[in-house]
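**Q** Data file query_0.tsv (TSV, C-alpha atoms and all ligand atoms) is appended below.
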chain	number	residue	atom	x	y	z
A	29	MET	CA	-51.46	-23.64	250.67
A	30	MET	CA	-52.18	-24.45	247.07
A	31	SER	CA	-50.64	-22.36	244.31
A	32	ASN	CA	-52.41	-21.25	241.14
A	33	ALA	CA	-50.25	-23.60	239.10
A	34	THR	CA	-51.28	-26.77	240.87
A	35	PRO	CA	-55.00	-27.14	241.24
A	36	GLN	CA	-56.15	-30.50	242.48
A	37	THR	CA	-57.99	-32.55	239.90
A	38	ILE	CA	-60.59	-35.14	240.79
A	39	ASP	CA	-62.10	-37.20	238.01
A	40	VAL	CA	-65.72	-38.21	237.85
A	41	SER	CA	-65.44	-41.50	235.97
A	42	LEU	CA	-68.36	-42.05	233.61
A	43	ASP	CA	-66.65	-43.66	230.59
A	44	GLU	CA	-66.81	-41.30	227.59
A	45	ARG	CA	-68.67	-38.72	229.71
A	46	SER	CA	-65.97	-38.58	232.41
A	47	TYR	CA	-64.96	-35.12	233.49
A	48	PRO	CA	-62.50	-33.32	235.73
A	49	VAL	CA	-63.28	-31.28	238.83
A	50	TRP	CA	-60.49	-28.74	239.26
A	51	ILE	CA	-60.09	-27.19	242.71
A	52	GLY	CA	-57.74	-24.25	243.09
A	53	ARG	CA	-57.22	-20.53	243.35
A	54	GLY	CA	-57.37	-18.46	240.15
A	55	LEU	CA	-59.16	-21.01	237.97
A	56	LEU	CA	-61.54	-18.42	236.52
A	57	ASP	CA	-58.51	-16.75	234.92
A	58	ASP	CA	-57.04	-20.05	233.74
A	59	SER	CA	-59.11	-19.95	230.58
A	60	ALA	CA	-56.66	-22.09	228.62
A	61	ARG	CA	-57.67	-24.93	230.93
A	62	TRP	CA	-61.45	-24.67	230.81
A	63	ARG	CA	-61.80	-23.28	227.33
A	64	ALA	CA	-60.20	-26.42	225.95
A	65	THR	CA	-63.41	-28.23	226.93
A	66	LEU	CA	-65.58	-25.96	224.74
A	67	ARG	CA	-66.40	-27.60	221.43
A	68	GLY	CA	-68.32	-24.96	219.51
A	69	ARG	CA	-68.42	-21.23	218.84
A	70	HIS	CA	-71.30	-20.24	221.14
A	71	ALA	CA	-71.46	-19.87	224.90
A	72	LEU	CA	-74.12	-18.61	227.28
A	73	VAL	CA	-72.92	-17.66	230.76
A	74	ILE	CA	-75.71	-18.01	233.29
A	75	SER	CA	-75.11	-16.20	236.55
A	76	ASN	CA	-76.97	-13.92	238.93
A	77	ARG	CA	-77.01	-10.24	239.81
A	78	THR	CA	-74.80	-10.76	242.88
A	79	VAL	CA	-72.11	-12.96	241.36
A	80	ALA	CA	-71.87	-11.47	237.86
A	81	PRO	CA	-70.56	-8.04	238.98
A	82	LEU	CA	-67.83	-9.84	240.94
A	83	TYR	CA	-66.66	-12.49	238.49
A	84	LEU	CA	-68.28	-12.33	235.04
A	85	GLU	CA	-65.60	-10.09	233.57
A	86	ARG	CA	-62.88	-12.62	234.37
A	87	VAL	CA	-64.82	-15.41	232.67
A	88	ALA	CA	-65.62	-13.10	229.75
A	89	ARG	CA	-61.91	-12.56	229.09
A	90	GLY	CA	-61.60	-16.28	228.48
A	91	LEU	CA	-64.43	-16.24	225.93
A	92	ASP	CA	-62.74	-13.81	223.60
A	93	GLY	CA	-63.37	-14.71	219.96
A	94	LEU	CA	-66.55	-16.69	220.62
A	95	ARG	CA	-70.17	-15.63	220.17
A	96	TRP	CA	-71.33	-15.41	223.72
A	97	SER	CA	-73.80	-13.63	225.93
A	98	SER	CA	-74.93	-13.74	229.53
A	99	PHE	CA	-78.24	-14.38	231.23
A	100	LEU	CA	-78.55	-13.12	234.80
A	101	LEU	CA	-81.05	-14.29	237.38
A	102	ASP	CA	-82.26	-12.23	240.27
A	103	ASP	CA	-80.70	-13.57	243.44
A	104	GLY	CA	-82.45	-16.27	245.46
A	105	GLU	CA	-83.93	-19.74	245.50
A	106	ALA	CA	-87.30	-18.38	244.34
A	107	HIS	CA	-85.71	-17.63	240.95
A	108	LYS	CA	-84.81	-21.29	240.29
A	109	SER	CA	-88.01	-21.42	238.30
A	110	PHE	CA	-89.44	-22.75	235.07
A	111	ALA	CA	-90.09	-19.18	233.95
A	112	ASN	CA	-86.38	-18.42	234.14
A	113	VAL	CA	-85.46	-21.60	232.26
A	114	GLY	CA	-87.74	-20.34	229.50
A	115	LEU	CA	-85.95	-17.00	229.45
A	116	ALA	CA	-82.52	-18.66	229.47
A	117	LEU	CA	-83.59	-20.83	226.50
A	118	ASP	CA	-84.73	-17.65	224.74
A	119	ALA	CA	-81.25	-16.23	225.35
A	120	LEU	CA	-79.74	-19.31	223.67
A	121	ALA	CA	-82.12	-18.83	220.75
A	122	THR	CA	-81.17	-15.16	220.43
A	123	LEU	CA	-77.52	-16.15	220.46
A	124	GLY	CA	-78.19	-18.59	217.62
A	125	ALA	CA	-76.69	-21.37	219.73
A	126	THR	CA	-76.01	-24.57	217.81
A	127	ARG	CA	-75.79	-28.11	219.21
A	128	ASP	CA	-72.12	-27.65	220.04
A	129	ALA	CA	-72.83	-24.56	222.18
A	130	CYS	CA	-71.92	-24.49	225.85
A	131	VAL	CA	-73.70	-23.16	228.91
A	132	ILE	CA	-71.39	-21.89	231.63
A	133	ALA	CA	-72.89	-21.81	235.12
A	134	LEU	CA	-71.18	-19.11	237.18
A	135	GLY	CA	-72.62	-19.02	240.67
A	136	GLY	CA	-73.98	-21.07	243.53
A	137	GLY	CA	-76.29	-24.05	243.43
A	138	VAL	CA	-79.30	-22.05	242.29
A	139	VAL	CA	-77.50	-20.85	239.18
A	140	GLY	CA	-75.84	-24.25	238.66
A	141	ASP	CA	-79.10	-26.21	238.85
A	142	LEU	CA	-80.99	-23.86	236.56
A	143	ALA	CA	-78.12	-23.50	234.08
A	144	GLY	CA	-77.67	-27.27	234.03
A	145	PHE	CA	-81.35	-27.83	233.34
A	146	THR	CA	-81.26	-25.20	230.57
A	147	ALA	CA	-78.28	-26.99	229.01
A	148	ALA	CA	-80.14	-30.30	229.29
A	149	CYS	CA	-83.17	-28.86	227.46
A	150	TRP	CA	-81.63	-26.86	224.61
A	151	MET	CA	-81.66	-29.04	221.51
A	152	ARG	CA	-82.08	-32.02	223.89
A	153	GLY	CA	-78.78	-31.42	225.58
A	154	ILE	CA	-75.70	-29.27	225.05
A	155	ASP	CA	-72.41	-28.89	226.91
A	156	LEU	CA	-72.20	-27.44	230.38
A	157	ILE	CA	-69.29	-26.14	232.40
A	158	GLN	CA	-69.88	-25.58	236.09
A	159	MET	CA	-67.99	-22.71	237.74
A	160	PRO	CA	-69.27	-22.94	241.30
A	161	THR	CA	-68.78	-19.87	243.50
A	162	THR	CA	-70.25	-21.08	246.80
A	163	LEU	CA	-68.75	-23.75	249.01
A	164	LEU	CA	-71.99	-25.72	248.76
A	165	ALA	CA	-71.86	-25.70	244.98
A	166	MET	CA	-68.17	-26.69	244.96
A	167	VAL	CA	-68.64	-29.73	247.18
A	168	ASP	CA	-72.05	-30.83	246.04
A	169	SER	CA	-74.33	-29.28	243.44
A	170	SER	CA	-71.78	-28.72	240.64
A	171	VAL	CA	-70.67	-32.37	240.72
A	172	GLY	CA	-72.81	-35.31	239.66
A	173	GLY	CA	-75.16	-33.93	237.03
A	174	LYS	CA	-78.37	-33.29	238.97
A	175	THR	CA	-80.09	-30.25	237.49
A	176	GLY	CA	-83.53	-28.80	237.95
A	177	VAL	CA	-85.93	-26.15	239.15
A	178	ASN	CA	-88.54	-25.74	241.88
A	179	LEU	CA	-92.32	-25.76	241.64
A	180	SER	CA	-94.57	-24.07	244.17
A	181	ALA	CA	-95.48	-27.64	245.25
A	182	GLY	CA	-91.90	-28.31	246.31
A	183	LYS	CA	-88.20	-28.07	245.65
A	184	ASN	CA	-86.42	-29.68	242.69
A	185	LEU	CA	-89.55	-31.48	241.52
A	186	VAL	CA	-88.58	-31.00	237.87
A	187	GLY	CA	-85.16	-31.75	236.46
A	188	ALA	CA	-82.79	-33.91	234.48
A	189	PHE	CA	-79.51	-35.70	234.94
A	190	HIS	CA	-77.05	-33.77	232.81
A	191	GLN	CA	-73.34	-34.11	233.58
A	192	PRO	CA	-71.01	-31.15	233.00
A	193	ARG	CA	-67.94	-31.42	230.77
A	194	ALA	CA	-65.83	-29.87	233.52
A	195	VAL	CA	-66.11	-28.23	236.92
A	196	ALA	CA	-63.78	-25.35	237.74
A	197	ALA	CA	-64.00	-24.60	241.46
A	198	ASP	CA	-62.02	-21.40	241.96
A	199	ILE	CA	-61.70	-21.20	245.73
A	200	GLY	CA	-60.68	-17.55	245.39
A	201	THR	CA	-64.35	-16.77	244.74
A	202	LEU	CA	-65.13	-17.88	248.29
A	203	ASP	CA	-63.31	-14.77	249.57
A	204	SER	CA	-66.46	-12.76	248.85
A	205	LEU	CA	-68.90	-15.39	250.14
A	206	PRO	CA	-70.72	-14.30	253.31
A	207	ASP	CA	-69.93	-16.39	256.41
A	208	ARG	CA	-73.44	-17.76	256.75
A	209	GLU	CA	-73.33	-19.09	253.17
A	210	TYR	CA	-69.85	-20.49	253.76
A	211	ARG	CA	-71.03	-22.40	256.83
A	212	ALA	CA	-74.03	-23.71	254.90
A	213	GLY	CA	-71.52	-25.30	252.51
A	214	ILE	CA	-69.78	-27.01	255.41
A	215	ALA	CA	-73.05	-28.85	256.07
A	216	GLU	CA	-72.69	-30.67	252.75
A	217	ILE	CA	-69.11	-31.59	253.66
A	218	VAL	CA	-70.22	-32.97	257.04
A	219	LYS	CA	-72.97	-34.85	255.20
A	220	GLY	CA	-70.49	-36.76	253.03
A	221	ALA	CA	-68.54	-37.84	256.09
A	222	ALA	CA	-71.69	-38.73	258.04
A	223	ILE	CA	-72.91	-40.96	255.20
A	224	GLY	CA	-69.81	-42.87	254.30
A	225	ASP	CA	-66.47	-41.87	255.77
A	226	THR	CA	-65.73	-42.25	259.49
A	227	THR	CA	-62.09	-41.21	259.05
A	228	PHE	CA	-63.15	-37.98	257.35
A	229	PHE	CA	-65.74	-37.37	260.08
A	230	ALA	CA	-63.01	-37.66	262.73
A	231	TRP	CA	-60.80	-35.33	260.67
A	232	LEU	CA	-63.64	-32.80	260.56
A	233	GLU	CA	-64.04	-33.03	264.34
A	234	GLN	CA	-60.34	-32.25	264.70
A	235	HIS	CA	-60.33	-29.46	262.12
A	236	ALA	CA	-63.77	-27.92	262.74
A	237	LYS	CA	-62.37	-24.60	263.89
A	238	ALA	CA	-59.81	-24.39	261.07
A	239	LEU	CA	-62.50	-25.10	258.51
A	240	ALA	CA	-64.97	-22.67	260.06
A	241	THR	CA	-62.32	-19.93	260.02
A	242	ARG	CA	-61.43	-20.63	256.39
A	243	ASP	CA	-57.94	-22.02	256.86
A	244	GLU	CA	-57.06	-22.68	253.23
A	245	THR	CA	-55.19	-25.94	253.73
A	246	ALA	CA	-58.10	-27.38	255.71
A	247	LEU	CA	-60.57	-26.00	253.19
A	248	VAL	CA	-58.88	-27.56	250.17
A	249	HIS	CA	-58.56	-30.90	251.93
A	250	ALA	CA	-62.23	-30.80	252.90
A	251	ILE	CA	-63.45	-29.83	249.41
A	252	ALA	CA	-61.27	-32.43	247.69
A	253	THR	CA	-62.24	-35.21	250.10
A	254	LYS	CA	-65.96	-34.50	249.76
A	255	VAL	CA	-65.76	-34.22	245.95
A	256	ARG	CA	-63.75	-37.46	245.74
A	257	TYR	CA	-66.35	-39.21	247.86
A	258	LYS	CA	-69.24	-37.88	245.78
A	259	ALA	CA	-67.46	-38.67	242.51
A	260	GLY	CA	-67.16	-42.29	243.63
A	261	VAL	CA	-70.85	-42.55	244.45
A	262	VAL	CA	-71.88	-40.90	241.16
A	263	ALA	CA	-69.58	-43.18	239.15
A	264	ARG	CA	-71.22	-46.24	240.75
A	265	ASP	CA	-74.82	-44.99	240.58
A	266	GLU	CA	-75.22	-42.02	238.26
A	267	THR	CA	-79.01	-41.91	238.13
A	268	GLU	CA	-79.79	-42.80	241.72
A	269	GLN	CA	-81.02	-46.35	241.35
A	270	GLY	CA	-79.55	-47.20	244.75
A	271	GLU	CA	-76.47	-45.92	246.59
A	272	ARG	CA	-76.72	-42.32	245.36
A	273	ALA	CA	-79.92	-41.84	247.35
A	274	LEU	CA	-77.71	-41.94	250.46
A	275	LEU	CA	-76.40	-38.50	249.46
A	276	ASN	CA	-79.81	-37.21	250.50
A	277	LEU	CA	-79.18	-37.78	254.20
A	278	GLY	CA	-81.09	-35.00	255.96
A	279	HIS	CA	-82.67	-33.76	252.73
A	280	THR	CA	-86.25	-34.96	253.20
A	281	PHE	CA	-86.44	-33.14	256.53
A	282	GLY	CA	-84.31	-30.28	255.19
A	283	HIS	CA	-86.33	-29.65	252.02
A	284	ALA	CA	-89.52	-29.63	254.07
A	285	LEU	CA	-88.00	-27.09	256.45
A	286	GLU	CA	-86.81	-24.96	253.54
A	287	THR	CA	-90.20	-25.04	251.83
A	288	ALA	CA	-92.07	-24.34	255.08
A	289	GLY	CA	-89.78	-21.36	255.66
A	290	ARG	CA	-90.45	-20.14	252.11
A	291	TYR	CA	-86.74	-20.48	251.35
A	292	THR	CA	-85.88	-17.54	253.59
A	293	ALA	CA	-85.85	-18.94	257.14
A	294	LEU	CA	-83.12	-21.49	256.39
A	295	LEU	CA	-80.47	-21.73	253.70
A	296	HIS	CA	-80.29	-25.07	251.90
A	297	GLY	CA	-77.19	-26.17	253.80
A	298	GLU	CA	-78.74	-25.10	257.09
A	299	GLY	CA	-81.83	-27.16	256.28
A	300	VAL	CA	-79.54	-30.12	255.55
A	301	ALA	CA	-77.74	-29.62	258.89
A	302	VAL	CA	-80.95	-29.63	260.92
A	303	GLY	CA	-82.35	-32.38	258.69
A	304	MET	CA	-79.34	-34.66	259.30
A	305	LEU	CA	-79.78	-34.25	263.01
A	306	LEU	CA	-83.49	-35.07	262.79
A	307	ALA	CA	-82.63	-38.14	260.70
A	308	ALA	CA	-80.08	-39.18	263.33
A	309	ARG	CA	-82.70	-38.75	266.08
A	310	LEU	CA	-85.21	-40.79	264.10
A	311	SER	CA	-82.58	-43.52	263.59
A	312	GLU	CA	-82.04	-43.50	267.34
A	313	ARG	CA	-85.79	-43.70	268.02
A	314	LEU	CA	-86.09	-46.68	265.65
A	315	GLY	CA	-83.33	-48.46	267.54
A	316	MET	CA	-80.95	-48.32	264.58
A	317	SER	CA	-78.21	-46.14	266.03
A	318	ASP	CA	-76.41	-45.15	269.17
A	319	PRO	CA	-77.27	-41.81	270.86
A	320	ALA	CA	-73.53	-41.14	271.14
A	321	ASP	CA	-73.34	-40.77	267.35
A	322	THR	CA	-76.21	-38.29	267.32
A	323	LEU	CA	-74.36	-36.27	269.93
A	324	ARG	CA	-71.12	-36.29	267.92
A	325	LEU	CA	-73.02	-35.03	264.88
A	326	GLU	CA	-74.77	-32.32	266.88
A	327	GLN	CA	-71.46	-31.25	268.43
A	328	LEU	CA	-69.70	-31.04	265.04
A	329	LEU	CA	-72.53	-29.01	263.51
A	330	LYS	CA	-72.39	-26.59	266.44
A	331	GLU	CA	-68.58	-26.34	266.21
A	332	VAL	CA	-68.75	-25.20	262.60
A	333	GLY	CA	-71.54	-22.74	263.42
A	334	LEU	CA	-74.50	-24.51	261.84
A	335	PRO	CA	-78.04	-24.52	263.27
A	336	THR	CA	-79.19	-27.62	265.12
A	337	THR	CA	-82.78	-26.58	265.93
A	338	VAL	CA	-85.85	-26.00	263.77
A	339	PRO	CA	-86.95	-22.37	263.24
A	340	PRO	CA	-89.44	-21.03	265.79
A	341	GLY	CA	-93.07	-21.59	264.79
A	342	THR	CA	-92.32	-24.76	262.81
A	343	ASP	CA	-95.52	-26.78	262.33
A	344	PRO	CA	-94.79	-30.55	262.56
A	345	GLU	CA	-97.92	-31.56	260.62
A	346	GLN	CA	-97.07	-29.18	257.79
A	347	LEU	CA	-93.53	-30.57	257.65
A	348	LEU	CA	-94.82	-34.13	257.47
A	349	ALA	CA	-97.16	-33.17	254.63
A	350	LEU	CA	-94.22	-31.65	252.75
A	351	MET	CA	-92.09	-34.73	253.43
A	352	ARG	CA	-94.76	-36.90	251.75
A	353	LEU	CA	-93.92	-35.10	248.47
A	354	ASP	CA	-90.28	-36.19	248.52
A	355	LYS	CA	-89.03	-37.83	245.33
A	356	LYS	CA	-87.59	-40.80	247.22
A	357	ASN	CA	-91.02	-41.92	248.43
A	358	THR	CA	-92.79	-44.80	246.77
A	359	ALA	CA	-96.58	-45.23	246.64
A	360	GLY	CA	-97.82	-43.83	249.89
A	361	THR	CA	-94.89	-44.67	252.17
A	362	LEU	CA	-92.05	-42.57	253.48
A	363	ARG	CA	-88.59	-43.57	252.30
A	364	LEU	CA	-85.86	-41.89	254.27
A	365	ILE	CA	-82.09	-41.96	254.57
A	366	LEU	CA	-81.24	-42.90	258.12
A	367	TRP	CA	-78.03	-44.21	259.66
A	368	ARG	CA	-76.63	-47.08	261.71
A	369	SER	CA	-73.68	-45.01	262.87
A	370	ILE	CA	-71.38	-42.27	261.69
A	371	GLY	CA	-70.25	-43.28	258.20
A	372	ARG	CA	-73.00	-45.90	257.71
A	373	ALA	CA	-76.14	-44.40	256.18
A	374	GLU	CA	-78.97	-46.58	254.96
A	375	ILE	CA	-82.12	-46.26	252.83
A	376	VAL	CA	-85.16	-47.18	254.91
A	377	SER	CA	-88.55	-47.70	253.26
A	378	GLY	CA	-91.94	-47.78	254.93
A	379	VAL	CA	-90.97	-45.49	257.78
A	380	ASN	CA	-93.88	-45.09	260.17
A	381	GLU	CA	-95.28	-41.55	259.96
A	382	ALA	CA	-96.06	-41.58	263.69
A	383	ASP	CA	-92.33	-41.94	264.46
A	384	VAL	CA	-91.46	-39.08	262.10
A	385	LEU	CA	-94.15	-36.90	263.62
A	386	ALA	CA	-92.88	-37.64	267.13
A	387	ILE	CA	-89.39	-36.46	266.13
A	388	LEU	CA	-90.80	-33.35	264.45
A	389	ARG	CA	-92.98	-32.51	267.47
A	390	GLU	CA	-90.07	-32.93	269.83
A	391	ALA	CA	-87.92	-30.68	267.62
A	392	ALA	CA	-90.66	-28.05	267.37
A	393	LYS	CA	-91.03	-28.00	271.16
A	394	GLY	CA	-87.29	-27.37	271.41
A	395	ARG	CA	-85.01	-29.99	272.80
A	396	ASP	CA	-81.98	-27.86	273.69
A	401	LIG	P1	-77.20	-19.93	246.11
A	401	LIG	O1	-76.91	-20.35	244.75
A	401	LIG	O2	-78.50	-19.24	246.37
A	401	LIG	O3	-76.01	-19.02	246.63
A	401	LIG	C1	-76.07	-18.52	247.93
A	401	LIG	C2	-75.91	-16.99	247.97
A	401	LIG	O4	-74.55	-16.67	247.76
A	401	LIG	C3	-76.69	-16.25	246.90
A	401	LIG	O5	-77.16	-15.05	247.45
A	401	LIG	C4	-75.61	-15.97	245.86
A	401	LIG	O6	-75.91	-14.85	245.05
A	401	LIG	C5	-74.42	-15.71	246.72
A	401	LIG	N1	-73.12	-15.97	246.13
A	401	LIG	C6	-72.77	-17.00	245.35
A	401	LIG	N2	-71.45	-16.99	245.15
A	401	LIG	C7	-70.96	-15.91	245.78
A	401	LIG	C8	-69.67	-15.38	245.95
A	401	LIG	N3	-68.60	-16.01	245.49
A	401	LIG	N4	-69.54	-14.23	246.66
A	401	LIG	C9	-70.63	-13.63	247.20
A	401	LIG	N5	-71.87	-14.10	247.11
A	401	LIG	C10	-72.02	-15.24	246.40
A	401	LIG	O7	-77.18	-21.17	247.12
A	401	LIG	P2	-76.23	-22.45	247.25
A	401	LIG	O8	-76.20	-22.75	248.69
A	401	LIG	O9	-74.96	-22.30	246.51
A	401	LIG	O10	-77.05	-23.58	246.50
A	401	LIG	C11	-78.30	-24.00	246.95
A	401	LIG	C12	-79.04	-24.63	245.80
A	401	LIG	O11	-78.31	-25.77	245.34
A	401	LIG	C13	-80.42	-25.10	246.14
A	401	LIG	O12	-81.29	-24.73	245.10
A	401	LIG	C14	-80.28	-26.62	246.18
A	401	LIG	O13	-81.46	-27.29	245.86
A	401	LIG	C15	-79.21	-26.85	245.15
A	401	LIG	N6	-78.46	-28.09	245.31
A	401	LIG	C16	-78.34	-28.88	244.24
A	401	LIG	C17	-77.62	-30.04	244.34
A	401	LIG	C18	-77.42	-30.89	243.13
A	401	LIG	O14	-76.88	-31.99	243.25
A	401	LIG	N7	-77.76	-30.41	241.95
A	401	LIG	C19	-77.00	-30.40	245.54
A	401	LIG	C20	-77.14	-29.54	246.62
A	401	LIG	C21	-77.87	-28.38	246.50
A	402	LIG	N1	-77.06	-33.83	246.35
A	402	LIG	C1	-77.47	-35.16	246.10
A	402	LIG	C2	-76.96	-35.75	244.83
A	402	LIG	O1	-76.24	-35.13	244.10
A	402	LIG	O2	-77.29	-36.85	244.51
Let's see the structure in the file written out as structure tokens.

**A**
Amino acid sequence: MMSNATPQTIDVSLDERSYPVWIGRGLLDDSARWRATLRGRHALVISNRTVAPLYLERVARGLDGLRWSSFLLDDGEAHKSFANVGLALDALATLGATRDACVIALGGGVVGDLAGFTAACWMRGIDLIQMPTTLLAMVDSSVGGKTGVNLSAGKNLVGAFHQPRAVAADIGTLDSLPDREYRAGIAEIVKGAAIGDTTFFAWLEQHAKALATRDETALVHAIATKVRYKAGVVARDETEQGERALLNLGHTFGHALETAGRYTALLHGEGVAVGMLLAARLSERLGMSDPADTLRLEQLLKEVGLPTTVPPGTDPEQLLALMRLDKKNTAGTLRLILWRSIGRAEIVSGVNEADVLAILREAAKGRD
């Protein structure tokens, strides 16, 4: 088990914009560490009404002597909205935030994405510290600089690349995270292994139970391995000109499922889990991959307690229409992340809609 004194540090290497991701217990209280990355005298902590009562006070202690305030969202994906970015920017204005101000994102991916986008917009870009409090945010959304908000037309359609100055992932905050949310975070860990790391995938198969039951040694290894993997991809392709798109394995299906379910039927990580499986089945249908790999993925997802079927009542045609809106698409053709095998994902352009629809119809009928 890791002690407070020795958090793991993983660097995201982006020349002068490089930053550390600290992973450890008690990091919220280790203000000497994260406060050293603040450059100015103003800070706005963005959080939500679930997380703030649990953790804001500890962060506030570290802000002593600064001019700071907080902006709290209502809880839920629906609040990752333009309207709330406007209100958060108003909060920065009220604070009198100057160009050296810092936004601190204290929460899950919803808070992190909105806070990051707010930081990207204020005076064309100010500092950001991510303090992720969900497993999903620790292993994915807080690292790599993607920020944004949803439109009613679809998820994450508006945003900016804006890297944080530091990420402080205090795993102690996961103690209060509900199990369903925790498992949704495991989906993003499985995703990293499924895309590019066969050894890690095998490790996950061996440690699925330990991870699902929150064994801390397994958890820290899993977080650090996924973050290291993502940091490497981001360092090579920060703005998704190529390789980074692979990190969206399962997302085109998953986002469509999330949107169709009005962000309540499936959590983001659950959508990614089902989406990865649909992508694996499509790969199989297109003759790209071996059914044995699909089965291993399905088995692992089940072992960690993630859903592997689409919600009842899912409409395949509606899902396909939503998938057409995905940002990866180019003029009128579907561009999806599929795989050759575990650990070998691939970007495939011009995917035939009839094949996608066949997979969606089969899933909606129920294959289990
Ligand atoms: P979330 O932010 O909605 O958090 C999930 C739930 O857990 C919320 O109810 C939240 O209030 C609660 N919560 C958070 N921390 C808690 C804690 N420590 N204890 C108790 N409750 C806590 O959801 P999420 O799964 O963290 O993030 C999903 C979002 O992240 C989506 O909007 C998705 O699009 C985005 N995302 C972004 C990226 C990226 O690269 N920027 C990557 C993946 C996902
Ligand atoms: N979650 C996908 C990315 O960060 O690129």

**Q** With only C-alpha atoms and all ligand atoms counted and 8 Å as the cut-off, give the residues of chain A in contact with ligand LIG 402 (chain A), each with its shortest interatomic distance in Å and the pair that gives it, as JSON lines.

**A**
{"residue": "A:Asp168", "atom": "CA", "partner": "A:LIG402", "partner_atom": "N1", "distance": 5.8}
{"residue": "A:Ser169", "atom": "CA", "partner": "A:LIG402", "partner_atom": "N1", "distance": 6.1}
{"residue": "A:Val171", "atom": "CA", "partner": "A:LIG402", "partner_atom": "O1", "distance": 7.1}
{"residue": "A:Gly172", "atom": "CA", "partner": "A:LIG402", "partner_atom": "O1", "distance": 5.6}
{"residue": "A:Gly173", "atom": "CA", "partner": "A:LIG402", "partner_atom": "O1", "distance": 7.3}
{"residue": "A:Lys174", "atom": "CA", "partner": "A:LIG402", "partner_atom": "O1", "distance": 5.9}
{"residue": "A:Lys258", "atom": "CA", "partner": "A:LIG402", "partner_atom": "O1", "distance": 7.7}
{"residue": "A:Val262", "atom": "CA", "partner": "A:LIG402", "partner_atom": "O2", "distance": 7.5}
{"residue": "A:Glu268", "atom": "CA", "partner": "A:LIG402", "partner_atom": "O2", "distance": 7.0}
{"residue": "A:Arg272", "atom": "CA", "partner": "A:LIG402", "partner_atom": "O2", "distance": 5.6}
{"residue": "A:Ala273", "atom": "CA", "partner": "A:LIG402", "partner_atom": "O2", "distance": 6.3}
{"residue": "A:Leu274", "atom": "CA", "partner": "A:LIG402", "partner_atom": "O2", "distance": 7.8}
{"residue": "A:Leu275", "atom": "CA", "partner": "A:LIG402", "partner_atom": "C1", "distance": 4.9}
{"residue": "A:Asn276", "atom": "CA", "partner": "A:LIG402", "partner_atom": "C1", "distance": 5.4}

**Q** Can you list, as number ranges by chain, every protein, DNA or RNA residue that comes within 8 Å of range 135-147 of chain A when you count all atoms listed in the file, leaving out same-chain residues fewer than 6 positions away?

**A** A: 74-76, 79, 101, 104-105, 107-109, 113, 116-117, 153-156, 158-162, 164-165, 169-170, 173-177, 187-188, 190, 192

**Q** Mind giving me the straight-line distance from CA of Gly93 in chain A to CA of Arg69 in chain A in Å, one decimal?

**A** 8.3 Å

**Q** Identify which of the residues A:Glu233, A:Glu85, A:Glu266, A:Asp43 lies closest to Arg324 in chain A, counting only C-alpha atoms when measuring atom-to-atom distances.

**A**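 Checking each candidate against Arg324 in chain A, we get A:Glu233 as the closest.
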
**Q** Which one is closest to Tyr83 in chain A: A:Gly282, A:Gly200, A:Gly220, A:Gly68? Count all atoms listed in the file.

**A**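 Residue with the minimum atom-to-atom distance to Tyr83 in chain A: A:Gly200.
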